[in-house]
Amino acid sequence: MEKCVVIDYGLGNLYSVHNALLKSASMVSHSIQIEMSSDPDKILAADRIVFPGVGAIRDCMKGLHERELVDVVIEVFQQKPALAICIGMQALAEFSAENNGIICLGMVPTKVTRFTPDPMHLRKIPHMGWNEVTQKSTHPLWEHIPNRSRFYFVHSYRMQASSEFELAATEYGESFSAAIGSDNWCGVQFHPEKSQKHGLQLLTNFLGWKP
């Protein structure tokens, strides 16, 4: 049986992601076991990985360092099907301006910056709620998900990845990367576990993805 491990680094809505993955796993043709773990050996032995998160990048990186998971996350993202969610996706960047500046994992050559303030206060920060996601490339992640489908976002900082990595973009006063990816991994700024039908479909697509 294939195993998917949700990385537990002391931060994030792990149970929401875990429960959404359990629902999605029932839609995959082959058997797959979903579990949460902070054990480096279990994470390295998994067939695929989910790196979720909510909150601040400082706490995210602190949790990874305290559990000696920094090198583990980098290794599995280099070798196995992997999905990063929200702050997990931002952690893949080189640097985040949040919390006075935090060095991140350095897997994507870009920086995470705060949304540009709106002097008219017509655009609230954080960006919270449903928004359209424009697909930038054909990818197994988008199977059975129409272009410009709406997903649920909660964030004050955003990434602008190069076209080499960007799988989708969203507009919120300015364009930002809503999804990124490379050969065997992908990341989404929105929360698929909170995005109802299309979110569950995306998780199902990830669980069935064979890079």
# chains A, B, ... in the order shown; residues from 1 in each chain; ligands from 1
>>> closest_atom_pairs(of="range 73-116 of chain A", to="range 10-20 of chain A", cutoff="12 Å", atoms="only C-alpha atoms", output="Markdown table")
| residue | atom | partner | partner_atom | distance |
| --- | --- | --- | --- | --- |
| A:Leu83 | CA | A:Val17 | CA | 11.4 |
| A:Ala84 | CA | A:Val17 | CA | 11.2 |
| A:Ile85 | CA | A:Val17 | CA | 9.3 |
| A:Cys86 | CA | A:Gly12 | CA | 9.4 |
| A:Ile87 | CA | A:Gly12 | CA | 8.6 |
| A:Gly88 | CA | A:Gly12 | CA | 9.1 |
>>> write_last_selection(atoms="C-alpha atoms", output="short mmCIF file (atom, residue, chain, number, x, y, z; two decimals), in the first residue's frame")
data_model
loop_
_atom_site.label_atom_id
_atom_site.label_comp_id
_atom_site.auth_asym_id
_atom_site.auth_seq_id
_atom_site.Cartn_x
_atom_site.Cartn_y
_atom_site.Cartn_z
CA LEU A 83 2.67 19.10 -2.28
CA ALA A 84 3.22 22.30 -0.25
CA ILE A 85 0.22 24.29 0.99
CA CYS A 86 0.05 28.02 1.92
CA ILE A 87 2.96 28.83 4.25
CA GLY A 88 4.47 25.52 3.15
#
>>> select_by_dssp(residues="range 82-126 of chain A", states="alpha helix (DSSP H)", output="ChimeraX atom specification")
/A:87-90
>>> closest_residue(among="A:Leu22, A:Leu141, A:Ile49, A:Met107", to="Pro81 in chain A", atoms="only C-alpha atoms")
A:Ile49
>>> residues_around(residues="range 166-179 of chain A", least_positions_apart="2", cutoff="7 Å", atoms="only C-alpha atoms", output="VMD selection string")
chain A and resid 132 to 137 158 to 164 181 187 to 190
>>> residues_around(residues="Arg48 in chain A", least_positions_apart="4", cutoff="9 Å", atoms="only C-alpha atoms", output="PyMOL selection string")
chain A and resi 2-6+43+76+80-83+207
>>> write_last_selection(atoms="N, CA and C atoms", output="PDB file, in the first residue's frame")
ATOM      1  N   GLU A   2       0.540   2.200  -0.852  1.00  0.00           N
ATOM      2  CA  GLU A   2       1.289   3.440  -0.906  1.00  0.00           C
ATOM      3  C   GLU A   2       0.988   4.291   0.327  1.00  0.00           C
ATOM      4  N   LYS A   3       1.985   5.040   0.791  1.00  0.00           N
ATOM      5  CA  LYS A   3       1.815   5.866   1.989  1.00  0.00           C
ATOM      6  C   LYS A   3       2.086   7.331   1.677  1.00  0.00           C
ATOM      7  N   CYS A   4       1.150   8.199   2.095  1.00  0.00           N
ATOM      8  CA  CYS A   4       1.321   9.650   2.002  1.00  0.00           C
ATOM      9  C   CYS A   4       1.431  10.204   3.415  1.00  0.00           C
ATOM     10  N   VAL A   5       2.512  10.923   3.699  1.00  0.00           N
ATOM     11  CA  VAL A   5       2.737  11.484   5.032  1.00  0.00           C
ATOM     12  C   VAL A   5       2.554  12.998   5.001  1.00  0.00           C
ATOM     13  N   VAL A   6       1.724  13.499   5.926  1.00  0.00           N
ATOM     14  CA  VAL A   6       1.571  14.932   6.157  1.00  0.00           C
ATOM     15  C   VAL A   6       2.609  15.329   7.198  1.00  0.00           C
ATOM     16  N   ILE A  43       9.047  10.141   7.261  1.00  0.00           N
ATOM     17  CA  ILE A  43       8.866  11.090   6.157  1.00  0.00           C
ATOM     18  C   ILE A  43       9.704  10.663   4.961  1.00  0.00           C
ATOM     19  N   VAL A  76      13.052  15.216   0.326  1.00  0.00           N
ATOM     20  CA  VAL A  76      11.860  14.572  -0.228  1.00  0.00           C
ATOM     21  C   VAL A  76      11.276  15.379  -1.391  1.00  0.00           C
ATOM     22  N   LYS A  80      10.537  12.906  -4.407  1.00  0.00           N
ATOM     23  CA  LYS A  80       9.237  12.239  -4.359  1.00  0.00           C
ATOM     24  C   LYS A  80       8.109  13.188  -4.741  1.00  0.00           C
ATOM     25  N   PRO A  81       6.946  12.657  -5.119  1.00  0.00           N
ATOM     26  CA  PRO A  81       5.794  13.528  -5.312  1.00  0.00           C
ATOM     27  C   PRO A  81       5.496  14.265  -4.005  1.00  0.00           C
ATOM     28  N   ALA A  82       5.435  15.587  -4.067  1.00  0.00           N
ATOM     29  CA  ALA A  82       5.265  16.390  -2.861  1.00  0.00           C
ATOM     30  C   ALA A  82       4.374  17.586  -3.155  1.00  0.00           C
ATOM     31  N   LEU A  83       3.583  17.962  -2.164  1.00  0.00           N
ATOM     32  CA  LEU A  83       2.671  19.100  -2.278  1.00  0.00           C
ATOM     33  C   LEU A  83       2.861  20.005  -1.072  1.00  0.00           C
ATOM     34  N   LEU A 207      -2.774  12.862  -5.201  1.00  0.00           N
ATOM     35  CA  LEU A 207      -2.588  11.498  -4.707  1.00  0.00           C
ATOM     36  C   LEU A 207      -2.445  10.498  -5.858  1.00  0.00           C
TER      37      LEU A 207
END
>>> closest_residue(among="A:Ser31, A:Gln79, A:Ser24, A:Asn99", to="Ala46 in chain A", atoms="only C-alpha atoms")
A:Gln79
>>> atom_distance(atom1="CA of Gly101 in chain A", atom2="CA of Gly63 in chain A")
16.4 Å
